[in-house]
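The next block is my_file03.txt, given as compact mmCIF, C-alpha atoms and all ligand atoms.
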```txt
# COMPACT_ATOMS: atom_id res chain seq x y z
CA MET A 1 -10.61 49.46 50.21
CA ASP A 2 -8.60 46.80 52.07
CA ASP A 3 -11.48 44.37 51.59
CA LEU A 4 -11.42 45.14 47.90
CA ARG A 5 -7.69 44.53 47.72
CA GLU A 6 -7.87 41.25 49.60
CA LYS A 7 -10.81 40.05 47.55
CA TRP A 8 -9.18 40.62 44.13
CA LEU A 9 -5.68 39.55 45.10
CA ALA A 10 -7.23 36.31 46.41
CA ALA A 11 -9.19 35.91 43.17
CA VAL A 12 -5.99 36.34 41.14
CA ALA A 13 -4.13 33.86 43.30
CA GLY A 14 -6.97 31.35 43.00
CA ALA A 15 -7.21 31.41 39.20
CA GLY A 16 -6.37 27.90 38.03
CA ASP A 17 -5.60 28.68 34.40
CA GLU A 18 -5.27 31.52 31.93
CA SER A 19 -8.98 31.76 31.08
CA ALA A 20 -9.97 31.90 34.77
CA LEU A 21 -7.36 34.63 35.25
CA GLU A 22 -8.78 36.59 32.32
CA SER A 23 -12.27 36.36 33.84
CA VAL A 24 -10.88 37.78 37.10
CA ARG A 25 -9.22 40.62 35.18
CA VAL A 26 -12.46 41.48 33.37
CA ALA A 27 -14.50 41.35 36.60
CA ALA A 28 -12.03 43.68 38.36
CA LEU A 29 -10.56 45.97 35.73
CA GLY A 30 -12.80 45.57 32.67
CA LYS A 31 -15.19 48.31 31.58
CA LYS A 32 -17.90 46.92 33.82
CA GLY A 33 -15.44 45.68 36.44
CA GLU A 34 -15.70 46.50 40.10
CA ILE A 35 -12.48 48.57 40.27
CA SER A 36 -13.47 50.51 37.16
CA ALA A 37 -16.86 51.25 38.75
CA ARG A 38 -15.05 52.60 41.81
CA MET A 39 -12.89 54.80 39.54
CA ARG A 40 -16.05 56.26 38.02
CA GLU A 41 -17.35 57.07 41.54
CA LEU A 42 -14.32 59.37 42.03
CA GLY A 43 -16.13 61.93 39.81
CA ARG A 44 -18.95 62.27 42.29
CA MET A 45 -16.63 62.83 45.28
CA THR A 46 -15.56 66.07 46.84
CA PRO A 47 -12.03 67.20 45.88
CA GLU A 48 -10.77 66.25 49.36
CA GLU A 49 -12.26 62.79 49.19
CA ARG A 50 -10.93 62.32 45.67
CA LYS A 51 -7.45 63.43 46.68
CA GLU A 52 -7.45 60.71 49.26
CA ALA A 53 -9.25 57.91 47.38
CA GLY A 54 -7.84 58.53 43.85
CA PRO A 55 -4.19 57.59 44.47
CA ARG A 56 -5.19 54.62 46.63
CA LEU A 57 -7.51 53.32 43.94
CA ASN A 58 -4.87 53.84 41.27
CA ALA A 59 -2.30 52.05 43.40
CA LEU A 60 -4.77 49.17 43.92
CA LYS A 61 -5.40 48.98 40.19
CA ASP A 62 -1.62 48.83 39.53
CA GLU A 63 -1.18 46.20 42.23
CA ILE A 64 -3.92 43.98 40.78
CA ASN A 65 -2.50 44.41 37.27
CA ALA A 66 0.93 43.44 38.53
CA ALA A 67 -0.51 40.43 40.39
CA ILE A 68 -2.30 39.33 37.23
CA ALA A 69 0.90 39.63 35.18
CA ALA A 70 2.86 37.64 37.76
CA LYS A 71 0.15 34.99 37.96
CA LYS A 72 0.02 34.78 34.18
CA ALA A 73 3.78 34.13 34.02
CA ALA A 74 3.51 31.52 36.79
CA LEU A 75 0.69 29.73 34.97
CA ALA A 76 2.71 29.70 31.72
CA ASP A 77 5.74 28.29 33.56
CA ALA A 78 3.59 25.58 35.14
CA ALA A 79 2.05 24.70 31.77
CA LEU A 80 5.52 24.40 30.23
CA GLU A 81 6.71 22.27 33.14
CA GLU A 82 3.73 19.99 32.64
CA ARG A 83 4.44 19.63 28.90
CA LEU A 84 8.10 18.91 29.56
CA ARG A 85 7.07 16.29 32.10
CA THR A 86 4.56 14.51 29.84
CA GLU A 87 5.91 15.03 26.33
CA TRP A 88 9.50 13.95 26.79
CA LEU A 89 11.14 11.82 24.16
CA ASP A 90 13.92 9.35 24.80
CA VAL A 91 16.22 9.98 21.86
CA THR A 92 18.55 7.23 23.09
CA LEU A 93 16.00 4.46 22.37
CA PRO A 94 17.10 2.08 19.58
CA ALA A 95 15.42 2.64 16.21
CA ARG A 96 12.56 0.38 15.13
CA PRO A 97 13.83 -2.57 13.11
CA ALA A 98 13.70 -1.99 9.36
CA HIS A 99 11.77 -4.83 7.73
CA ARG A 100 13.24 -5.73 4.40
CA GLY A 101 11.80 -7.94 1.71
CA THR A 102 13.44 -11.26 0.95
CA VAL A 103 13.95 -13.21 -2.22
CA HIS A 104 11.09 -15.68 -2.60
CA PRO A 105 12.27 -19.29 -2.11
CA ILE A 106 11.09 -20.23 -5.60
CA ALA A 107 13.07 -17.37 -7.10
CA GLN A 108 16.08 -18.30 -4.99
CA VAL A 109 16.00 -21.97 -6.00
CA THR A 110 15.52 -20.97 -9.64
CA GLU A 111 18.66 -18.87 -9.36
CA GLU A 112 20.57 -21.65 -7.62
CA VAL A 113 19.62 -24.14 -10.35
CA THR A 114 20.39 -21.84 -13.27
CA ALA A 115 23.70 -20.80 -11.71
CA ILE A 116 24.76 -24.45 -11.42
CA PHE A 117 23.91 -25.16 -15.07
CA ALA A 118 25.51 -21.90 -16.16
CA ASP A 119 28.72 -23.21 -14.57
CA LEU A 120 28.30 -26.33 -16.70
CA GLY A 121 28.15 -24.22 -19.86
CA PHE A 122 24.39 -23.87 -20.34
CA SER A 123 22.85 -20.55 -21.34
CA VAL A 124 19.49 -19.45 -19.95
CA ALA A 125 16.42 -18.88 -22.14
CA GLU A 126 12.94 -17.60 -21.43
CA GLY A 127 9.84 -17.60 -23.57
CA PRO A 128 6.13 -16.78 -23.67
CA GLN A 129 3.74 -18.27 -21.11
CA VAL A 130 0.89 -18.13 -23.61
CA GLU A 131 2.05 -20.52 -26.34
CA SER A 132 0.87 -21.81 -29.67
CA ASP A 133 -0.41 -25.36 -29.31
CA TRP A 134 2.19 -26.30 -31.94
CA HIS A 135 5.16 -25.18 -29.75
CA ASN A 136 3.63 -26.66 -26.62
CA PHE A 137 2.41 -30.00 -28.05
CA ASP A 138 2.94 -30.91 -31.74
CA ALA A 139 6.62 -29.93 -31.83
CA LEU A 140 7.16 -32.16 -28.81
CA ASN A 141 5.62 -35.16 -30.50
CA ILE A 142 2.52 -34.96 -28.34
CA PRO A 143 -0.28 -35.97 -30.72
CA GLY A 144 -3.74 -34.40 -30.91
CA HIS A 145 -5.40 -37.27 -29.10
CA HIS A 146 -2.89 -37.32 -26.22
CA PRO A 147 -4.62 -37.02 -22.81
CA ALA A 148 -2.37 -34.05 -21.88
CA ARG A 149 -4.15 -32.06 -24.59
CA ALA A 150 -7.58 -32.68 -23.10
CA GLU A 151 -9.26 -29.59 -21.77
CA MET A 152 -9.24 -31.17 -18.34
CA ASP A 153 -5.45 -30.88 -18.17
CA THR A 154 -4.62 -27.74 -20.14
CA PHE A 155 -5.79 -24.13 -20.00
CA TYR A 156 -6.91 -23.06 -23.47
CA MET A 157 -7.15 -19.40 -24.46
CA ALA A 158 -10.32 -18.27 -26.22
CA ARG A 159 -10.20 -17.30 -29.91
CA GLY A 160 -12.32 -14.46 -31.26
CA ALA A 161 -15.75 -15.31 -32.68
CA GLY A 162 -15.38 -16.94 -36.10
CA ASP A 163 -11.62 -17.52 -35.68
CA THR A 164 -11.15 -21.22 -36.43
CA ARG A 165 -7.41 -21.43 -35.78
CA PRO A 166 -6.45 -23.73 -32.89
CA PRO A 167 -6.47 -21.83 -29.61
CA HIS A 168 -3.30 -20.88 -27.77
CA VAL A 169 -2.57 -22.56 -24.45
CA LEU A 170 -0.94 -21.61 -21.18
CA ARG A 171 2.30 -23.57 -21.59
CA THR A 172 2.18 -26.85 -19.66
CA HIS A 173 6.01 -27.14 -19.49
CA THR A 174 8.98 -24.98 -20.52
CA SER A 175 9.83 -27.35 -23.39
CA PRO A 176 8.40 -24.89 -25.97
CA VAL A 177 11.15 -22.46 -24.94
CA GLN A 178 13.65 -25.13 -25.97
CA ILE A 179 11.89 -25.62 -29.30
CA ARG A 180 12.20 -21.86 -29.83
CA SER A 181 15.90 -22.02 -28.83
CA MET A 182 16.51 -24.73 -31.43
CA GLU A 183 14.70 -22.66 -34.06
CA ALA A 184 16.66 -19.53 -33.16
CA ALA A 185 20.17 -20.85 -32.50
CA GLY A 186 20.37 -24.28 -34.12
CA ALA A 187 22.96 -26.87 -33.09
CA PRO A 188 25.17 -27.27 -31.17
CA LEU A 189 23.10 -26.02 -28.24
CA ARG A 190 23.19 -26.06 -24.47
CA VAL A 191 20.29 -24.26 -22.87
CA ILE A 192 18.36 -24.21 -19.63
CA CYS A 193 14.78 -22.91 -19.43
CA PRO A 194 13.24 -22.02 -16.07
CA GLY A 195 9.79 -20.51 -15.69
CA ARG A 196 6.12 -20.68 -14.80
CA VAL A 197 3.96 -23.43 -16.22
CA TYR A 198 0.24 -24.15 -15.95
CA ARG A 199 -1.94 -27.20 -15.64
CA ALA A 200 -5.62 -27.47 -14.76
CA ASP A 201 -4.97 -29.31 -11.55
CA TYR A 202 -5.64 -28.29 -7.97
CA ASP A 203 -5.36 -30.46 -4.88
CA GLN A 204 -3.16 -31.02 -1.83
CA THR A 205 -0.01 -31.48 -3.90
CA HIS A 206 -0.84 -29.64 -7.15
CA THR A 207 -1.42 -25.99 -7.97
CA PRO A 208 -2.58 -24.66 -11.35
CA MET A 209 0.59 -22.60 -11.70
CA PHE A 210 3.96 -24.04 -10.77
CA HIS A 211 7.59 -23.75 -11.82
CA GLN A 212 9.75 -25.91 -13.95
CA VAL A 213 13.25 -25.98 -15.26
CA GLU A 214 14.17 -27.92 -18.37
CA GLY A 215 17.59 -28.47 -19.88
CA LEU A 216 18.70 -29.40 -23.38
CA ALA A 217 22.14 -30.28 -24.77
CA ILE A 218 22.62 -30.99 -28.48
CA ASP A 219 25.86 -31.85 -30.23
CA ARG A 220 27.31 -34.41 -32.66
CA ASP A 221 27.60 -37.29 -30.22
CA ILE A 222 25.88 -36.35 -26.96
CA SER A 223 24.86 -39.52 -25.10
CA MET A 224 23.11 -40.77 -21.96
CA ALA A 225 26.58 -40.87 -20.37
CA ASN A 226 26.83 -37.08 -20.71
CA LEU A 227 23.33 -36.76 -19.27
CA LYS A 228 24.30 -38.88 -16.30
CA TRP A 229 27.43 -36.83 -15.54
CA VAL A 230 25.67 -33.49 -15.89
CA LEU A 231 22.85 -34.58 -13.58
CA GLU A 232 25.31 -35.93 -11.00
CA GLU A 233 27.18 -32.64 -10.98
CA PHE A 234 23.89 -30.79 -10.64
CA VAL A 235 22.57 -32.90 -7.75
CA LYS A 236 25.86 -32.65 -5.83
CA ALA A 237 25.98 -28.88 -6.24
CA PHE A 238 22.30 -28.29 -5.53
CA PHE A 239 22.03 -30.50 -2.43
CA GLU A 240 25.56 -29.55 -1.31
CA VAL A 241 26.88 -33.10 -0.92
CA ALA A 242 30.26 -34.54 -1.98
CA GLU A 243 28.92 -37.77 -3.44
CA VAL A 244 25.53 -38.94 -4.62
CA GLU A 245 24.19 -42.05 -6.33
CA LEU A 246 21.65 -41.69 -9.13
CA ARG A 247 19.26 -44.38 -10.31
CA PHE A 248 17.93 -44.25 -13.87
CA ARG A 249 14.57 -46.00 -14.26
CA ALA A 250 13.26 -46.70 -17.75
CA SER A 251 10.23 -44.54 -18.46
CA HIS A 252 8.34 -42.96 -21.29
CA PHE A 253 7.85 -39.40 -22.57
CA PRO A 254 6.64 -38.57 -26.09
CA PHE A 255 9.60 -36.17 -26.59
CA THR A 256 12.48 -38.48 -25.59
CA GLU A 257 13.63 -41.96 -26.62
CA PRO A 258 14.93 -43.65 -24.60
CA SER A 259 13.47 -41.99 -21.50
CA ALA A 260 14.43 -42.30 -17.87
CA GLU A 261 13.18 -41.07 -14.56
CA VAL A 262 16.00 -40.24 -12.20
CA ASP A 263 16.07 -41.00 -8.48
CA ILE A 264 18.68 -39.98 -5.93
CA ARG A 265 19.79 -42.10 -2.98
CA CYS A 266 18.57 -40.60 0.26
CA SER A 267 17.38 -41.22 3.79
CA TRP A 268 14.51 -39.80 5.77
CA GLN A 269 15.37 -39.48 9.45
CA GLY A 270 12.83 -37.89 11.75
CA GLY A 271 11.15 -36.26 8.77
CA THR A 272 14.32 -34.65 7.42
CA LEU A 273 15.85 -35.58 4.11
CA LYS A 274 19.52 -36.55 3.79
CA VAL A 275 20.76 -36.80 0.22
CA GLY A 276 23.51 -39.24 -0.79
CA GLU A 277 23.08 -41.80 2.00
CA GLY A 278 20.51 -44.30 3.23
CA ASP A 279 18.25 -46.88 1.59
CA ASP A 280 15.50 -44.70 0.11
CA TRP A 281 15.21 -43.36 -3.42
CA LEU A 282 13.71 -40.02 -4.27
CA GLU A 283 12.48 -39.16 -7.74
CA ILE A 284 13.68 -35.71 -8.75
CA LEU A 285 13.40 -35.45 -12.53
CA GLY A 286 12.55 -36.92 -15.91
CA SER A 287 14.99 -37.14 -18.80
CA GLY A 288 16.02 -38.88 -22.00
CA MET A 289 17.53 -38.59 -25.45
CA VAL A 290 15.68 -36.05 -27.57
CA HIS A 291 13.27 -37.76 -29.98
CA PRO A 292 14.31 -37.34 -33.67
CA LYS A 293 10.88 -35.87 -34.45
CA VAL A 294 11.46 -33.17 -31.83
CA LEU A 295 14.86 -32.30 -33.31
CA MET A 296 13.18 -32.00 -36.71
CA ALA A 297 10.50 -29.72 -35.25
CA GLY A 298 13.35 -27.47 -34.09
CA ASN A 299 14.88 -27.50 -37.61
CA ILE A 300 17.80 -29.66 -36.47
CA ASP A 301 18.86 -32.64 -38.59
CA PRO A 302 18.59 -35.80 -36.47
CA ALA A 303 21.01 -37.60 -38.81
CA ALA A 304 23.75 -35.11 -37.85
CA TRP A 305 22.90 -34.18 -34.26
CA GLN A 306 21.61 -35.76 -31.11
CA GLY A 307 21.04 -34.61 -27.57
CA PHE A 308 19.67 -35.16 -24.12
CA ALA A 309 16.92 -33.28 -22.31
CA PHE A 310 15.54 -33.26 -18.81
CA GLY A 311 12.85 -31.52 -16.80
CA MET A 312 12.15 -31.02 -13.11
CA GLY A 313 9.72 -29.21 -10.86
CA ILE A 314 11.29 -26.26 -9.03
CA ASP A 315 8.63 -26.09 -6.31
CA ARG A 316 9.24 -29.73 -5.53
CA ILE A 317 13.04 -29.57 -5.30
CA ALA A 318 12.78 -26.35 -3.28
CA MET A 319 10.55 -28.16 -0.79
CA LEU A 320 12.97 -31.10 -0.68
CA LYS A 321 16.09 -28.99 -0.23
CA TYR A 322 14.67 -26.73 2.42
CA GLY A 323 12.38 -29.18 4.17
CA ILE A 324 9.08 -27.47 3.43
CA PRO A 325 6.28 -30.08 3.61
CA ASP A 326 3.42 -27.80 2.67
CA LEU A 327 2.62 -25.92 -0.55
CA ARG A 328 0.95 -23.20 1.51
CA ALA A 329 4.42 -21.98 2.43
CA PHE A 330 4.81 -20.89 -1.18
CA PHE A 331 1.34 -19.94 -2.22
CA GLU A 332 0.18 -17.94 0.74
CA SER A 333 3.39 -15.93 0.29
CA ASP A 334 3.80 -15.76 4.01
CA LEU A 335 7.29 -15.92 5.48
CA ARG A 336 5.79 -17.13 8.74
CA TRP A 337 5.13 -20.49 7.09
CA LEU A 338 8.71 -20.68 5.94
CA ARG A 339 10.04 -19.77 9.38
CA HIS A 340 7.66 -22.29 10.90
CA TYR A 341 9.19 -24.95 8.65
CA GLY A 342 12.70 -23.67 9.31
CA PHE A 343 13.37 -22.63 5.72
CA ALA A 344 17.17 -22.58 5.87
CA ALA A 345 17.65 -20.01 3.11
CA LEU A 346 16.16 -17.32 5.36
CA ASP A 347 19.42 -17.57 7.30
CA VAL A 348 21.60 -16.70 4.30
CA PRO A 349 23.10 -13.44 5.58
CA THR A 350 23.74 -11.85 2.19
CA LEU A 351 20.13 -12.15 1.12
CA HIS A 352 18.35 -11.55 4.39
CA ARG A 353 20.57 -9.23 6.38
CA GLY A 354 18.76 -7.45 9.16
CA LEU A 355 15.56 -9.45 8.87
CA SER A 356 13.95 -9.48 12.28
CA ARG A 357 12.46 -12.75 13.40
C1 LIG B 401 9.38 -34.33 -15.97
C2 LIG B 401 9.90 -34.73 -17.30
C3 LIG B 401 11.08 -33.93 -19.16
C4 LIG B 401 11.97 -33.14 -21.20
C5 LIG B 401 11.27 -32.93 -20.05
C6 LIG B 401 12.37 -32.14 -23.40
C7 LIG B 401 12.40 -30.97 -24.12
C8 LIG B 401 12.67 -31.02 -25.45
C9 LIG B 401 12.95 -32.19 -26.05
C10 LIG B 401 12.93 -33.31 -25.27
CL1 LIG B 401 12.69 -29.59 -26.37
N1 LIG B 401 12.65 -33.29 -23.99
N2 LIG B 401 12.10 -32.09 -22.07
C11 LIG B 401 12.50 -34.41 -21.44
C12 LIG B 401 12.30 -35.39 -20.53
C13 LIG B 401 11.59 -35.19 -19.39
O1 LIG B 401 10.38 -33.64 -18.01
O2 LIG B 401 9.01 -35.16 -15.23
N3 LIG B 401 9.37 -33.05 -15.67
C14 LIG B 401 8.90 -32.54 -14.44
```

Could you write out this structure as structure tokens?
Amino acid sequence: MDDLREKWLAAVAGAGDESALESVRVAALGKKGEISARMRELGRMTPEERKEAGPRLNALKDEINAAIAAKKAALADAALEERLRTEWLDVTLPARPAHRGTVHPIAQVTEEVTAIFADLGFSVAEGPQVESDWHNFDALNIPGHHPARAEMDTFYMARGAGDTRPPHVLRTHTSPVQIRSMEAAGAPLRVICPGRVYRADYDQTHTPMFHQVEGLAIDRDISMANLKWVLEEFVKAFFEVAEVELRFRASHFPFTEPSAEVDIRCSWQGGTLKVGEGDDWLEILGSGMVHPKVLMAGNIDPAAWQGFAFGMGIDRIAMLKYGIPDLRAFFESDLRWLRHYGFAALDVPTLHRGLSR
């Protein structure tokens, strides 16, 4: 009996986990267990033998049960200790940084430009990107044989089979929005038209979709002098300089007469642009006095009204202002390019608060 006790108490003590302990219990106290077998033997004993062996066997059974219960509790405690040791969580760690989106540089520059012209009294207009060829070309005095209308330069939309009307185009500039503004509001008019434009051109410095902003001012006696002042105010505000010198070079556009391309005085030092100083000139836009035929296309009487107009590429002035030498920074939509190029607007705290670098 002492052997039996030692054997099973040792087995209980040696059980490494709950399932091992359960196996020990079944082997000792289960229906076919060793202790149970001994209990059954009591029936074949003499009353004297049974009187002696019965209580001892019962006591042994109780002792093993108690040992199993104690071991079970100890195993559960150990398992809990182990979980507490391995599954702890440091609730004092700082939270992961929240990545926020940022305004795209093109959108930001578009807003900067329109805000400056809004301050100068211009309203903002938008229009369709799929245009009639009349609004995009004819109304702007661009004749049918003009090279800009060749399929190589312009995206033409397909007409349905048998439809002989001229096809629509993806607008090649935002000028048609200004034609629509003239039609809708008449003169006097001061309007600025930013938006996407399309040309069938793709190389290192051209993408088939880009952004443009055009401006138009029409009144009784608007002149080139007004154009010059407005553009000076714009350049100073946009490039954040106190003074700037503009150079008007005679040029030609079908929709303006006279026409001028406008350069700003600048310097390039170590690859960075400084506006308003130095001996270099940088072309930033095209402009002129609106051609009488274009006023007529907008239902405005050229004998009573005149005006100036200008157009510039947003992508280009964004690259100039923020020192981005590579179109990929815009078209791969990857902020890493912009950070790589030190795009200054990413540091504007109101727009990019909490952006992790
Ligand atoms: C350039 C030149 C220009 C205009 C756009 C315009 C619009 C109307 C009437 C007359 Cl409705 N002109 N727009 C005028 C001159 C130049 O853009 O180099 N843009 C990137």

Checklist entry - Which of these residues is nearest to ligand LIG 401 (chain B), using only C-alpha atoms and all ligand atoms: A:Lys228, A:Lys51, A:His135, A:Arg247? => result A:His135

Checklist entry - ligand LIG 401 (chain B): which residues are within 10 Å, counting only C-alpha atoms and all ligand atoms, as a ChimeraX atom specification? => result /A:135-136,139-141,173-182,191,193,211-217,251-262,283-295,297-298,307-314,316

Output the selection as an mmCIF file, in the frame of the given file - C-alpha atoms for each residue.
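Listing of part-v2.cif after writing:
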```cif
data_model
loop_
_atom_site.group_PDB
_atom_site.id
_atom_site.type_symbol
_atom_site.label_atom_id
_atom_site.label_comp_id
_atom_site.auth_asym_id
_atom_site.auth_seq_id
_atom_site.Cartn_x
_atom_site.Cartn_y
_atom_site.Cartn_z
ATOM 1 C CA HIS A 135 5.160 -25.180 -29.750
ATOM 2 C CA ASN A 136 3.630 -26.660 -26.620
ATOM 3 C CA ALA A 139 6.620 -29.930 -31.830
ATOM 4 C CA LEU A 140 7.160 -32.160 -28.810
ATOM 5 C CA ASN A 141 5.620 -35.160 -30.500
ATOM 6 C CA HIS A 173 6.010 -27.140 -19.490
ATOM 7 C CA THR A 174 8.980 -24.980 -20.520
ATOM 8 C CA SER A 175 9.830 -27.350 -23.390
ATOM 9 C CA PRO A 176 8.400 -24.890 -25.970
ATOM 10 C CA VAL A 177 11.150 -22.460 -24.940
ATOM 11 C CA GLN A 178 13.650 -25.130 -25.970
ATOM 12 C CA ILE A 179 11.890 -25.620 -29.300
ATOM 13 C CA ARG A 180 12.200 -21.860 -29.830
ATOM 14 C CA SER A 181 15.900 -22.020 -28.830
ATOM 15 C CA MET A 182 16.510 -24.730 -31.430
ATOM 16 C CA VAL A 191 20.290 -24.260 -22.870
ATOM 17 C CA CYS A 193 14.780 -22.910 -19.430
ATOM 18 C CA HIS A 211 7.590 -23.750 -11.820
ATOM 19 C CA GLN A 212 9.750 -25.910 -13.950
ATOM 20 C CA VAL A 213 13.250 -25.980 -15.260
ATOM 21 C CA GLU A 214 14.170 -27.920 -18.370
ATOM 22 C CA GLY A 215 17.590 -28.470 -19.880
ATOM 23 C CA LEU A 216 18.700 -29.400 -23.380
ATOM 24 C CA ALA A 217 22.140 -30.280 -24.770
ATOM 25 C CA SER A 251 10.230 -44.540 -18.460
ATOM 26 C CA HIS A 252 8.340 -42.960 -21.290
ATOM 27 C CA PHE A 253 7.850 -39.400 -22.570
ATOM 28 C CA PRO A 254 6.640 -38.570 -26.090
ATOM 29 C CA PHE A 255 9.600 -36.170 -26.590
ATOM 30 C CA THR A 256 12.480 -38.480 -25.590
ATOM 31 C CA GLU A 257 13.630 -41.960 -26.620
ATOM 32 C CA PRO A 258 14.930 -43.650 -24.600
ATOM 33 C CA SER A 259 13.470 -41.990 -21.500
ATOM 34 C CA ALA A 260 14.430 -42.300 -17.870
ATOM 35 C CA GLU A 261 13.180 -41.070 -14.560
ATOM 36 C CA VAL A 262 16.000 -40.240 -12.200
ATOM 37 C CA GLU A 283 12.480 -39.160 -7.740
ATOM 38 C CA ILE A 284 13.680 -35.710 -8.750
ATOM 39 C CA LEU A 285 13.400 -35.450 -12.530
ATOM 40 C CA GLY A 286 12.550 -36.920 -15.910
ATOM 41 C CA SER A 287 14.990 -37.140 -18.800
ATOM 42 C CA GLY A 288 16.020 -38.880 -22.000
ATOM 43 C CA MET A 289 17.530 -38.590 -25.450
ATOM 44 C CA VAL A 290 15.680 -36.050 -27.570
ATOM 45 C CA HIS A 291 13.270 -37.760 -29.980
ATOM 46 C CA PRO A 292 14.310 -37.340 -33.670
ATOM 47 C CA LYS A 293 10.880 -35.870 -34.450
ATOM 48 C CA VAL A 294 11.460 -33.170 -31.830
ATOM 49 C CA LEU A 295 14.860 -32.300 -33.310
ATOM 50 C CA ALA A 297 10.500 -29.720 -35.250
ATOM 51 C CA GLY A 298 13.350 -27.470 -34.090
ATOM 52 C CA GLY A 307 21.040 -34.610 -27.570
ATOM 53 C CA PHE A 308 19.670 -35.160 -24.120
ATOM 54 C CA ALA A 309 16.920 -33.280 -22.310
ATOM 55 C CA PHE A 310 15.540 -33.260 -18.810
ATOM 56 C CA GLY A 311 12.850 -31.520 -16.800
ATOM 57 C CA MET A 312 12.150 -31.020 -13.110
ATOM 58 C CA GLY A 313 9.720 -29.210 -10.860
ATOM 59 C CA ILE A 314 11.290 -26.260 -9.030
ATOM 60 C CA ARG A 316 9.240 -29.730 -5.530
#
```

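Nearest to Ile142 in chain A of all the residues A:Thr172, A:Asn65, A:Thr164, A:Ser23 is A:Thr172, based on only C-alpha atoms.
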
Checklist entry - So which one's closest to Met319 in chain A, A:Pro105, A:Gly162, A:Thr154, A:Ala115? Using all atoms listed in the file, please. => result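 Result for the nearest residue to Met319 in chain A: A:Pro105.
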
Item to check | Best match for closeness to Glu6 in chain A among A:Glu63, A:Lys32, A:Met152, A:Arg220, counting all atoms listed in the file | outcome: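 Of A:Glu63, A:Lys32, A:Met152, A:Arg220, the one nearest Glu6 in chain A is A:Glu63, counting all atoms listed in the file.
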
Checklist entry - If you count only C-alpha atoms, which residues fall within 12 Å of range 77-81 of chain A, apart from same-chain ones fewer than 6 positions away, as a VMD selection string? => result chain A and resid 16 to 18 70 to 71 87 to 88

Checklist entry - Rounded to one decimal in Å, what is the spacing between CA of His99 in chain A and CA of Ile324 in chain A? => result 23.2 Å
